[in-house]
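What follows is target16.pdb (PDB, C-alpha atoms).
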ATOM      1  CA  MET A   1      29.693 -20.997 -40.647
ATOM      2  CA  GLY A   2      32.366 -20.919 -37.942
ATOM      3  CA  LEU A   3      33.518 -17.823 -36.099
ATOM      4  CA  ASN A   4      37.003 -16.475 -36.522
ATOM      5  CA  SER A   5      39.269 -15.824 -33.563
ATOM      6  CA  LYS A   6      38.288 -12.145 -33.248
ATOM      7  CA  GLU A   7      34.575 -12.941 -33.266
ATOM      8  CA  ARG A   8      35.072 -15.748 -30.725
ATOM      9  CA  PHE A   9      37.003 -13.354 -28.464
ATOM     10  CA  SER A  10      34.239 -10.740 -28.719
ATOM     11  CA  PHE A  11      31.569 -13.372 -27.977
ATOM     12  CA  ALA A  12      33.507 -14.703 -24.961
ATOM     13  CA  LYS A  13      34.074 -11.172 -23.664
ATOM     14  CA  GLY A  14      30.390 -10.338 -24.003
ATOM     15  CA  TYR A  15      29.413 -13.600 -22.289
ATOM     16  CA  ARG A  16      31.746 -12.923 -19.354
ATOM     17  CA  GLY A  17      30.429  -9.378 -19.070
ATOM     18  CA  ARG A  18      26.840 -10.596 -18.998
ATOM     19  CA  THR A  19      27.716 -13.245 -16.405
ATOM     20  CA  LEU A  20      29.387 -10.683 -14.158
ATOM     21  CA  PHE A  21      26.390  -8.375 -14.487
ATOM     22  CA  LEU A  22      23.971 -11.176 -13.548
ATOM     23  CA  MET A  23      26.122 -12.133 -10.552
ATOM     24  CA  PHE A  24      26.179  -8.537  -9.364
ATOM     25  CA  ASP A  25      22.437  -8.225  -9.996
ATOM     26  CA  PHE A  26      21.635 -11.354  -7.980
ATOM     27  CA  ALA A  27      23.943 -10.261  -5.159
ATOM     28  CA  LEU A  28      22.344  -6.807  -4.999
ATOM     29  CA  LEU A  29      18.798  -8.182  -5.079
ATOM     30  CA  GLY A  30      19.732 -10.770  -2.439
ATOM     31  CA  ALA A  31      21.094  -8.048  -0.168
ATOM     32  CA  LEU A  32      17.963  -5.941  -0.640
ATOM     33  CA  MET A  33      15.772  -8.964   0.071
ATOM     34  CA  CYS A  34      17.677  -9.650   3.299
ATOM     35  CA  MET A  35      17.273  -6.018   4.342
ATOM     36  CA  MET A  36      13.501  -6.364   3.988
ATOM     37  CA  VAL A  37      12.950  -9.933   5.214
ATOM     38  CA  LEU A  38      15.333 -10.143   8.182
ATOM     39  CA  PRO A  39      13.686  -7.303  10.179
ATOM     40  CA  LEU A  40      10.305  -8.986   9.712
ATOM     41  CA  ILE A  41      11.720 -12.307  10.912
ATOM     42  CA  LYS A  42      13.275 -10.596  13.940
ATOM     43  CA  VAL A  43       9.960  -8.957  14.845
ATOM     44  CA  LEU A  44       8.221 -12.331  14.531
ATOM     45  CA  VAL A  45      10.813 -13.978  16.784
ATOM     46  CA  ASP A  46      10.610 -11.172  19.349
ATOM     47  CA  SER A  47       6.830 -11.591  19.500
ATOM     48  CA  VAL A  48       7.020 -15.261  20.565
ATOM     49  CA  ASP A  49      10.311 -15.441  22.479
ATOM     50  CA  PRO A  50      10.393 -13.631  25.857
ATOM     51  CA  THR A  51      14.122 -14.390  26.200
ATOM     52  CA  SER A  52      15.067 -12.833  22.875
ATOM     53  CA  TYR A  53      17.603 -10.040  23.164
ATOM     54  CA  GLY A  54      19.542  -8.355  20.403
ATOM     55  CA  VAL A  55      19.467  -9.803  16.900
ATOM     56  CA  ARG A  56      18.038 -13.338  17.042
ATOM     57  CA  LEU A  57      16.400 -15.033  14.051
ATOM     58  CA  ILE A  58      15.573 -18.376  15.713
ATOM     59  CA  PRO A  59      13.484 -18.404  18.906
ATOM     60  CA  ARG A  60      14.737 -20.326  21.930
ATOM     61  CA  VAL A  61      11.210 -20.814  23.219
ATOM     62  CA  VAL A  62       7.825 -20.245  21.619
ATOM     63  CA  ASP A  63       5.236 -18.359  23.652
ATOM     64  CA  PHE A  64       2.046 -16.995  22.063
ATOM     65  CA  SER A  65       0.936 -15.155  25.202
ATOM     66  CA  ALA A  66       1.304 -11.757  23.541
ATOM     67  CA  TYR A  67      -1.069 -12.754  20.738
ATOM     68  CA  GLU A  68      -3.508 -14.239  23.242
ATOM     69  CA  MET A  69      -3.597 -10.989  25.185
ATOM     70  CA  ILE A  70      -4.244  -8.999  22.010
ATOM     71  CA  VAL A  71      -7.015 -11.359  20.847
ATOM     72  CA  ARG A  72      -8.698 -11.587  24.268
ATOM     73  CA  ASN A  73      -8.669  -7.852  24.887
ATOM     74  CA  SER A  74     -12.237  -6.836  24.050
ATOM     75  CA  THR A  75     -11.316  -3.141  23.869
ATOM     76  CA  LEU A  76      -9.473  -3.863  20.614
ATOM     77  CA  TYR A  77     -12.498  -5.266  18.767
ATOM     78  CA  GLN A  78     -14.117  -1.917  17.979
ATOM     79  CA  PRO A  79     -10.840  -0.273  16.788
ATOM     80  CA  PHE A  80     -10.154  -3.308  14.604
ATOM     81  CA  LEU A  81     -13.547  -2.937  12.954
ATOM     82  CA  VAL A  82     -12.929   0.800  12.532
ATOM     83  CA  SER A  83      -9.668   0.060  10.697
ATOM     84  CA  ILE A  84     -11.408  -2.475   8.457
ATOM     85  CA  TYR A  85     -14.248  -0.047   7.743
ATOM     86  CA  THR A  86     -11.835   2.782   6.941
ATOM     87  CA  THR A  87      -9.748   0.559   4.672
ATOM     88  CA  VAL A  88     -12.658  -0.944   2.723
ATOM     89  CA  VAL A  89     -14.699   2.249   2.292
ATOM     90  CA  GLY A  90     -11.607   4.363   1.607
ATOM     91  CA  THR A  91     -10.288   1.932  -0.995
ATOM     92  CA  ILE A  92     -13.613   1.869  -2.867
ATOM     93  CA  PHE A  93     -13.916   5.649  -2.708
ATOM     94  CA  GLY A  94     -10.291   6.156  -3.732
ATOM     95  CA  LEU A  95     -10.566   3.808  -6.703
ATOM     96  CA  LEU A  96     -13.771   5.508  -7.850
ATOM     97  CA  VAL A  97     -12.347   9.027  -7.710
ATOM     98  CA  THR A  98      -8.930   8.035  -9.060
ATOM     99  CA  THR A  99     -10.247   6.101 -12.051
ATOM    100  CA  MET A 100     -12.781   8.766 -12.995
ATOM    101  CA  GLY A 101     -10.178  11.506 -12.665
ATOM    102  CA  ALA A 102      -7.659   9.565 -14.759
ATOM    103  CA  TYR A 103     -10.335   8.872 -17.390
ATOM    104  CA  VAL A 104     -11.005  12.594 -17.685
ATOM    105  CA  LEU A 105      -7.302  13.406 -18.036
ATOM    106  CA  ILE A 106      -6.872  11.133 -21.076
ATOM    107  CA  GLN A 107      -9.646  12.891 -23.007
ATOM    108  CA  LYS A 108      -7.476  14.798 -25.470
ATOM    109  CA  ASP A 109     -10.432  16.609 -27.001
ATOM    110  CA  MET A 110     -11.447  18.113 -23.657
ATOM    111  CA  PRO A 111     -10.393  21.754 -23.258
ATOM    112  CA  GLY A 112      -7.898  22.274 -20.456
ATOM    113  CA  HIS A 113      -6.965  18.623 -19.944
ATOM    114  CA  ARG A 114      -3.246  19.449 -20.077
ATOM    115  CA  LEU A 115      -3.655  22.181 -17.470
ATOM    116  CA  MET A 116      -5.604  19.820 -15.226
ATOM    117  CA  GLY A 117      -2.856  17.219 -15.544
ATOM    118  CA  LYS A 118      -0.218  19.769 -14.547
ATOM    119  CA  LEU A 119      -2.294  20.871 -11.562
ATOM    120  CA  VAL A 120      -2.602  17.264 -10.395
ATOM    121  CA  LEU A 121       1.144  16.814 -10.800
ATOM    122  CA  ALA A 122       1.822  20.019  -8.847
ATOM    123  CA  THR A 123       0.131  18.565  -5.767
ATOM    124  CA  MET A 124       2.928  15.993  -5.566
ATOM    125  CA  LEU A 125       5.429  18.826  -5.077
ATOM    126  CA  PHE A 126       3.453  21.354  -3.038
ATOM    127  CA  ASN A 127       0.789  21.119  -0.354
ATOM    128  CA  GLY A 128      -0.858  23.402   2.170
ATOM    129  CA  GLY A 129       1.014  22.044   5.165
ATOM    130  CA  LEU A 130      -0.174  20.599   8.454
ATOM    131  CA  ILE A 131      -1.719  23.678  10.097
ATOM    132  CA  PRO A 132      -3.710  24.943   7.047
ATOM    133  CA  THR A 133      -4.953  21.405   6.421
ATOM    134  CA  TYR A 134      -6.030  21.030  10.052
ATOM    135  CA  LEU A 135      -7.852  24.378   9.955
ATOM    136  CA  THR A 136      -9.574  23.396   6.721
ATOM    137  CA  ILE A 137     -10.793  20.112   8.176
ATOM    138  CA  LYS A 138     -11.977  21.898  11.316
ATOM    139  CA  ASN A 139     -13.788  24.676   9.429
ATOM    140  CA  LEU A 140     -15.536  22.086   7.266
ATOM    141  CA  GLY A 141     -16.924  20.479  10.423
ATOM    142  CA  LEU A 142     -15.216  17.140   9.797
ATOM    143  CA  MET A 143     -13.637  16.706  13.234
ATOM    144  CA  ASN A 144     -14.537  13.263  14.618
ATOM    145  CA  ASN A 145     -15.814  12.384  11.171
ATOM    146  CA  MET A 146     -14.339   9.447   9.259
ATOM    147  CA  LEU A 147     -14.357  11.549   6.086
ATOM    148  CA  ALA A 148     -11.436  13.484   7.583
ATOM    149  CA  VAL A 149      -9.409  10.279   7.304
ATOM    150  CA  ILE A 150     -10.913   8.618   4.239
ATOM    151  CA  VAL A 151     -10.906  11.527   1.785
ATOM    152  CA  PRO A 152      -7.323  12.836   2.242
ATOM    153  CA  CYS A 153      -5.781   9.371   2.506
ATOM    154  CA  SER A 154      -7.592   7.611  -0.336
ATOM    155  CA  VAL A 155      -7.070  10.134  -3.151
ATOM    156  CA  GLY A 156      -3.582  11.067  -4.322
ATOM    157  CA  ALA A 157      -1.825  12.481  -7.352
ATOM    158  CA  TYR A 158       0.559   9.533  -7.735
ATOM    159  CA  ASN A 159      -2.256   7.003  -8.025
ATOM    160  CA  THR A 160      -4.103   9.236 -10.474
ATOM    161  CA  ILE A 161      -1.031   9.568 -12.697
ATOM    162  CA  LEU A 162      -0.384   5.815 -12.502
ATOM    163  CA  MET A 163      -3.961   5.084 -13.532
ATOM    164  CA  LYS A 164      -3.827   7.701 -16.291
ATOM    165  CA  SER A 165      -0.695   6.073 -17.730
ATOM    166  CA  PHE A 166      -2.438   2.703 -17.788
ATOM    167  CA  PHE A 167      -5.581   4.125 -19.391
ATOM    168  CA  ALA A 168      -3.459   5.764 -22.078
ATOM    169  CA  SER A 169      -2.120   2.331 -23.091
ATOM    170  CA  ILE A 170      -5.612   1.103 -24.037
ATOM    171  CA  PRO A 171      -6.260   1.533 -27.794
ATOM    172  CA  GLY A 172      -8.510   4.486 -28.539
ATOM    173  CA  GLU A 173     -10.223   2.567 -31.355
ATOM    174  CA  LEU A 174     -12.209   0.672 -28.725
ATOM    175  CA  PHE A 175     -13.844   3.884 -27.555
ATOM    176  CA  ASP A 176     -14.453   5.044 -31.116
ATOM    177  CA  SER A 177     -16.262   1.788 -31.850
ATOM    178  CA  ALA A 178     -18.281   2.137 -28.650
ATOM    179  CA  ALA A 179     -19.261   5.695 -29.592
ATOM    180  CA  ILE A 180     -20.397   4.534 -33.034
ATOM    181  CA  ASP A 181     -22.564   1.895 -31.356
ATOM    182  CA  GLY A 182     -24.183   4.625 -29.270
ATOM    183  CA  CYS A 183     -22.334   4.033 -25.993
ATOM    184  CA  SER A 184     -22.090   7.101 -23.747
ATOM    185  CA  PRO A 185     -18.729   8.247 -22.311
ATOM    186  CA  PHE A 186     -19.657   6.884 -18.893
ATOM    187  CA  GLY A 187     -20.810   3.629 -20.507
ATOM    188  CA  ALA A 188     -17.454   3.293 -22.251
ATOM    189  CA  PHE A 189     -15.729   3.954 -18.955
ATOM    190  CA  TRP A 190     -17.806   1.379 -17.089
ATOM    191  CA  ARG A 191     -18.052  -1.338 -19.746
ATOM    192  CA  ILE A 192     -14.687  -1.034 -21.527
ATOM    193  CA  MET A 193     -12.173   0.859 -19.441
ATOM    194  CA  LEU A 194     -12.685  -0.762 -16.039
ATOM    195  CA  PRO A 195     -12.849  -4.412 -17.222
ATOM    196  CA  LEU A 196      -9.564  -3.919 -19.103
ATOM    197  CA  SER A 197      -7.903  -2.237 -16.117
ATOM    198  CA  LYS A 198      -7.807  -5.056 -13.573
ATOM    199  CA  PRO A 199      -3.989  -4.905 -13.194
ATOM    200  CA  ALA A 200      -4.041  -1.157 -12.597
ATOM    201  CA  LEU A 201      -7.029  -1.415 -10.250
ATOM    202  CA  ALA A 202      -5.241  -4.090  -8.221
ATOM    203  CA  SER A 203      -2.077  -1.991  -8.015
ATOM    204  CA  VAL A 204      -3.733   1.275  -7.064
ATOM    205  CA  GLY A 205      -6.217  -0.468  -4.781
ATOM    206  CA  LEU A 206      -3.394  -2.144  -2.887
ATOM    207  CA  PHE A 207      -1.551   1.168  -2.535
ATOM    208  CA  ILE A 208      -4.661   2.852  -1.138
ATOM    209  CA  ALA A 209      -5.586  -0.027   1.169
ATOM    210  CA  VAL A 210      -2.112  -0.308   2.688
ATOM    211  CA  GLY A 211      -1.975   3.438   3.297
ATOM    212  CA  LEU A 212      -5.398   3.473   4.967
ATOM    213  CA  TRP A 213      -4.709   0.384   7.067
ATOM    214  CA  ASN A 214      -1.466   1.865   8.401
ATOM    215  CA  GLU A 215      -2.877   5.384   8.805
ATOM    216  CA  TYR A 216      -2.055   6.879  12.190
ATOM    217  CA  MET A 217      -1.494  10.635  12.032
ATOM    218  CA  HIS A 218      -4.919  11.561  10.660
ATOM    219  CA  PHE A 219      -6.623   9.624  13.460
ATOM    220  CA  ILE A 220      -4.495  11.425  16.043
ATOM    221  CA  LEU A 221      -5.241  14.854  14.565
ATOM    222  CA  TYR A 222      -8.901  14.624  13.612
ATOM    223  CA  ILE A 223     -10.464  11.762  15.600
ATOM    224  CA  THR A 224     -10.683  12.512  19.321
ATOM    225  CA  ASP A 225     -13.685  10.271  20.041
ATOM    226  CA  PRO A 226     -12.390   7.015  21.652
ATOM    227  CA  GLU A 227     -15.149   5.068  19.901
ATOM    228  CA  TRP A 228     -13.613   5.855  16.505
ATOM    229  CA  GLN A 229      -9.962   5.168  17.215
ATOM    230  CA  SER A 230      -8.155   2.933  14.763
ATOM    231  CA  PHE A 231      -6.579  -0.371  15.703
ATOM    232  CA  GLN A 232      -3.040   1.003  15.515
ATOM    233  CA  VAL A 233      -3.831   4.025  17.688
ATOM    234  CA  LYS A 234      -5.649   1.932  20.293
ATOM    235  CA  VAL A 235      -2.905  -0.672  20.596
ATOM    236  CA  ARG A 236      -0.274   2.022  20.958
ATOM    237  CA  SER A 237      -2.226   3.740  23.728
ATOM    238  CA  LEU A 238      -2.747   0.444  25.560
ATOM    239  CA  ILE A 239       0.951  -0.373  25.418
ATOM    240  CA  LEU A 240       1.971   3.079  26.632
ATOM    241  CA  GLU A 241      -0.588   2.917  29.437
ATOM    242  CA  ASP A 242       0.294  -0.705  30.244
ATOM    243  CA  GLY A 243      -3.290  -1.591  29.462
ATOM    244  CA  LEU A 244      -2.401  -5.080  28.238
ATOM    245  CA  SER A 245      -0.840  -6.177  31.511
ATOM    246  CA  GLY A 246      -2.490  -7.555  34.623
ATOM    247  CA  THR A 247      -2.516 -11.247  33.718
ATOM    248  CA  SER A 248      -0.827 -14.225  35.310
ATOM    249  CA  ILE A 249       1.748 -14.202  32.533
ATOM    250  CA  THR A 250       4.280 -11.433  32.663
ATOM    251  CA  LEU A 251       5.123 -10.145  29.220
ATOM    252  CA  SER A 252       7.756  -7.704  28.139
ATOM    253  CA  GLN A 253       6.858  -4.557  26.284
ATOM    254  CA  GLU A 254       8.971  -5.709  23.353
ATOM    255  CA  MET A 255       6.875  -8.862  22.957
ATOM    256  CA  LEU A 256       3.675  -6.834  22.911
ATOM    257  CA  LYS A 257       5.058  -4.285  20.468
ATOM    258  CA  SER A 258       6.382  -6.998  18.154
ATOM    259  CA  ALA A 259       3.113  -8.959  18.307
ATOM    260  CA  THR A 260       1.223  -5.783  17.453
ATOM    261  CA  VAL A 261       3.426  -5.201  14.400
ATOM    262  CA  VAL A 262       2.838  -8.772  13.227
ATOM    263  CA  VAL A 263      -0.943  -8.489  13.698
ATOM    264  CA  VAL A 264      -0.981  -5.265  11.677
ATOM    265  CA  VAL A 265       1.161  -6.694   8.852
ATOM    266  CA  VAL A 266      -0.376 -10.167   8.531
ATOM    267  CA  PRO A 267      -3.648  -9.178   6.746
ATOM    268  CA  PHE A 268      -1.814  -7.770   3.751
ATOM    269  CA  LEU A 269       0.711 -10.598   3.747
ATOM    270  CA  LEU A 270      -2.260 -12.918   3.242
ATOM    271  CA  ILE A 271      -3.885 -10.726   0.573
ATOM    272  CA  TYR A 272      -0.812  -9.901  -1.508
ATOM    273  CA  PRO A 273      -0.242 -13.401  -3.058
ATOM    274  CA  PHE A 274      -3.720 -13.249  -4.614
ATOM    275  CA  VAL A 275      -3.134  -9.871  -6.286
ATOM    276  CA  GLN A 276       0.591 -10.194  -7.008
ATOM    277  CA  LYS A 277       0.078 -11.044 -10.693
ATOM    278  CA  TYR A 278      -2.135  -8.004 -11.320
ATOM    279  CA  PHE A 279      -0.049  -5.803  -9.043
ATOM    280  CA  THR A 280       3.223  -6.500 -10.878
ATOM    281  CA  LYS A 281       1.660  -6.047 -14.313
ATOM    282  CA  GLY A 282      -0.115  -2.854 -13.334
ATOM    283  CA  VAL A 283       2.965  -1.189 -11.851
ATOM    284  CA  THR A 284       5.111  -2.168 -14.852
ATOM    285  CA  LEU A 285       2.682  -0.805 -17.430
ATOM    286  CA  GLY A 286       2.125   2.351 -15.416
ATOM    287  CA  ALA A 287       5.856   2.966 -15.249
ATOM    288  CA  VAL A 288       6.519   2.353 -18.955
ATOM    289  CA  LYS A 289       3.585   4.114 -20.549
ATOM    290  CA  GLY A 290       3.385   7.880 -20.215
TER     291      GLY A 290
END
Could you render the structure as structure tokens?
Amino acid sequence: MGLNSKERFSFAKGYRGRTLFLMFDFALLGALMCMMVLPLIKVLVDSVDPTSYGVRLIPRVVDFSAYEMIVRNSTLYQPFLVSIYTTVVGTIFGLLVTTMGAYVLIQKDMPGHRLMGKLVLATMLFNGGLIPTYLTIKNLGLMNNMLAVIVPCSVGAYNTILMKSFFASIPGELFDSAAIDGCSPFGAFWRIMLPLSKPALASVGLFIAVGLWNEYMHFILYITDPEWQSFQVKVRSLILEDGLSGTSITLSQEMLKSATVVVVVVPFLLIYPFVQKYFTKGVTLGAVKG
């Protein structure tokens, strides 16, 4: 059956409106992508081009001397291992605490679960502040202890709420069947909940790992032992003290700073493609389900 003139006009109007919306959407996303990608390209160019000044996206010359100095500097090996240790241990600890806390919050038959959820949410709006937190860490005897970095940075209310939202999307009949078969609550958590939560685990794990890898302030405040400095803190101190100079190749501070940024970012640029599928699915489900 053909469309009359009024219906054809309405269809054409709707088609043009949808086309304009898609054009605007692509233009906006393209602009946002440029805002995120172009600074990274500039930093990469500045790290290999000693003649780069201003905004330049194509290097005139390619010189990897800055990376060679970072790799050959033996004083950076220990801080690099400290950053890896903090990231790996903190991510495992954060996932363990976050998933168990979220699992408790979805137990509707547990007295006080709503109050506990509100208390977790309140920590996103209010906190003790820098000085009370520092005094608490000091009074607990955690100065120069990696727990002072791992515990506060690996557990957060946002990740707990995100994981809780994902757990709530799993059908409750699975746990009822497990209970009938004699499975304990922890067994249901370990054998049913976690295997079904790979997207959420990838999302939350990536959030925690990135935060721990880039952590700087907690190391400055609580870690005064040079043996336990993180990679970022050590590189910054070497640059400020000109500790990377003294070679036959004269390098600018901008090359060293840019090379440091690239070295810090590259590990997660290599990891992200392998977890992108789970990461995208986990964030989407966590945002939709409540």
- Please provide the set of residues having any atom within 12 Å of region 261-266 of chain A, restricted to all atoms listed in the file, with same-chain residues fewer than 4 positions apart removed, written as an MDAnalysis selection string. chainID A and resid 39:48 66:68 70:71 76 80 83:84 210:215 230:233 235:236 254:257 270:272
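Distance-wise, CA of Val155 (chain A) and CA of Pro171 (chain A) end up 26.1 Å apart.
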- Note on the structure: Computed gap from CA of Gly187 (chain A) to CA of Gly117 (chain A) is 23.1 Å
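Every residue that the PyMOL selection byres ((chain A and resi 222) around 9) selects in this file is listed here: A:Tyr134, A:Ile137, A:Lys138, A:Leu142, A:Met143, A:Asn144, A:Asn145, A:Met146, A:Ala148, A:Val149, A:Met217, A:His218, A:Phe219, A:Ile220, A:Leu221, A:Ile223, A:Thr224.
A straight line drawn from CA of Val62 (chain A) to CA of Asp49 (chain A) is 5.5 Å long.
With distances restricted to only C-alpha atoms, A:Gly156 is the closest residue to Leu125 (chain A) from A:Pro195, A:Gly101, A:Gly156, A:Gly141.
When you apply the PyMOL selection byres ((chain A and resi 175-177) around 12) to this structure, what comes back is Tyr103, Ile106, Gln107, Phe167, Ala168, Ile170, Pro171, Gly172, Glu173, Leu174, Ala178, Ala179, Ile180, Asp181, Gly182, Cys183, Ser184, Pro185, Phe186, Gly187, Ala188, Phe189, Trp190, Arg191, Ile192 and Met193 of chain A.
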- Message: Need the shell around region 93-100 of chain A: protein/DNA/RNA residues with any atom at most 7 Å away, counting all atoms listed in the file. Skip same-chain ones fewer than 3 positions apart. Format as a list in words?
- Response: Val89, Gly90, Tyr103, Val104, Ser154, Val155, Asn159, Thr160, Met163 and Gly205 of chain A
- Task: Name the closest residue to Leu194 (chain A) among the candidates A:Leu38, A:Leu81, A:Thr133, A:Ala102; distances are taken between atoms, counting all atoms listed in the file.
- Result: A:Ala102
Incomplete region 111-126 of chain A filled out to N, CA, C and O atoms as a compact mmCIF listing (two decimals), in the coordinates of the input:
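Result file part_1.txt:
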# COMPACT_ATOMS: atom_id res chain seq x y z
N PRO A 111 -11.18 20.53 -23.49
CA PRO A 111 -10.39 21.75 -23.26
C PRO A 111 -9.82 21.79 -21.83
O PRO A 111 -10.51 21.52 -20.86
N GLY A 112 -8.53 22.13 -21.76
CA GLY A 112 -7.90 22.27 -20.46
C GLY A 112 -7.41 21.00 -19.83
O GLY A 112 -7.01 21.01 -18.66
N HIS A 113 -7.38 19.87 -20.56
CA HIS A 113 -6.96 18.62 -19.94
C HIS A 113 -5.47 18.64 -19.61
O HIS A 113 -5.04 18.04 -18.62
N ARG A 114 -4.67 19.34 -20.39
CA ARG A 114 -3.25 19.45 -20.08
C ARG A 114 -3.02 20.27 -18.80
O ARG A 114 -2.20 19.93 -17.96
N LEU A 115 -3.77 21.36 -18.67
CA LEU A 115 -3.66 22.18 -17.47
C LEU A 115 -4.08 21.40 -16.24
O LEU A 115 -3.43 21.48 -15.18
N MET A 116 -5.15 20.63 -16.35
CA MET A 116 -5.60 19.82 -15.23
C MET A 116 -4.56 18.78 -14.84
O MET A 116 -4.32 18.53 -13.66
N GLY A 117 -3.92 18.18 -15.83
CA GLY A 117 -2.86 17.22 -15.54
C GLY A 117 -1.69 17.86 -14.81
O GLY A 117 -1.11 17.27 -13.89
N LYS A 118 -1.32 19.07 -15.22
CA LYS A 118 -0.22 19.77 -14.55
C LYS A 118 -0.59 20.15 -13.12
O LYS A 118 0.25 20.12 -12.21
N LEU A 119 -1.85 20.53 -12.91
CA LEU A 119 -2.29 20.87 -11.56
C LEU A 119 -2.27 19.65 -10.64
O LEU A 119 -1.91 19.74 -9.47
N VAL A 120 -2.67 18.50 -11.18
CA VAL A 120 -2.60 17.26 -10.40
C VAL A 120 -1.16 16.93 -10.06
O VAL A 120 -0.84 16.55 -8.92
N LEU A 121 -0.27 17.09 -11.03
CA LEU A 121 1.14 16.81 -10.80
C LEU A 121 1.74 17.78 -9.78
O LEU A 121 2.61 17.41 -8.99
N ALA A 122 1.28 19.02 -9.78
CA ALA A 122 1.82 20.02 -8.85
C ALA A 122 1.54 19.66 -7.40
O ALA A 122 2.32 20.02 -6.50
N THR A 123 0.45 18.93 -7.15
CA THR A 123 0.13 18.57 -5.77
C THR A 123 1.12 17.56 -5.20
O THR A 123 1.16 17.37 -3.98
N MET A 124 1.89 16.89 -6.05
CA MET A 124 2.93 15.99 -5.57
C MET A 124 4.14 16.76 -5.05
O MET A 124 4.93 16.22 -4.27
N LEU A 125 4.28 18.01 -5.47
CA LEU A 125 5.43 18.83 -5.08
C LEU A 125 5.09 19.84 -3.99
O LEU A 125 5.95 20.19 -3.18
N PHE A 126 3.85 20.30 -3.99
CA PHE A 126 3.45 21.35 -3.04
C PHE A 126 2.16 20.95 -2.35
O PHE A 126 1.28 20.33 -2.96
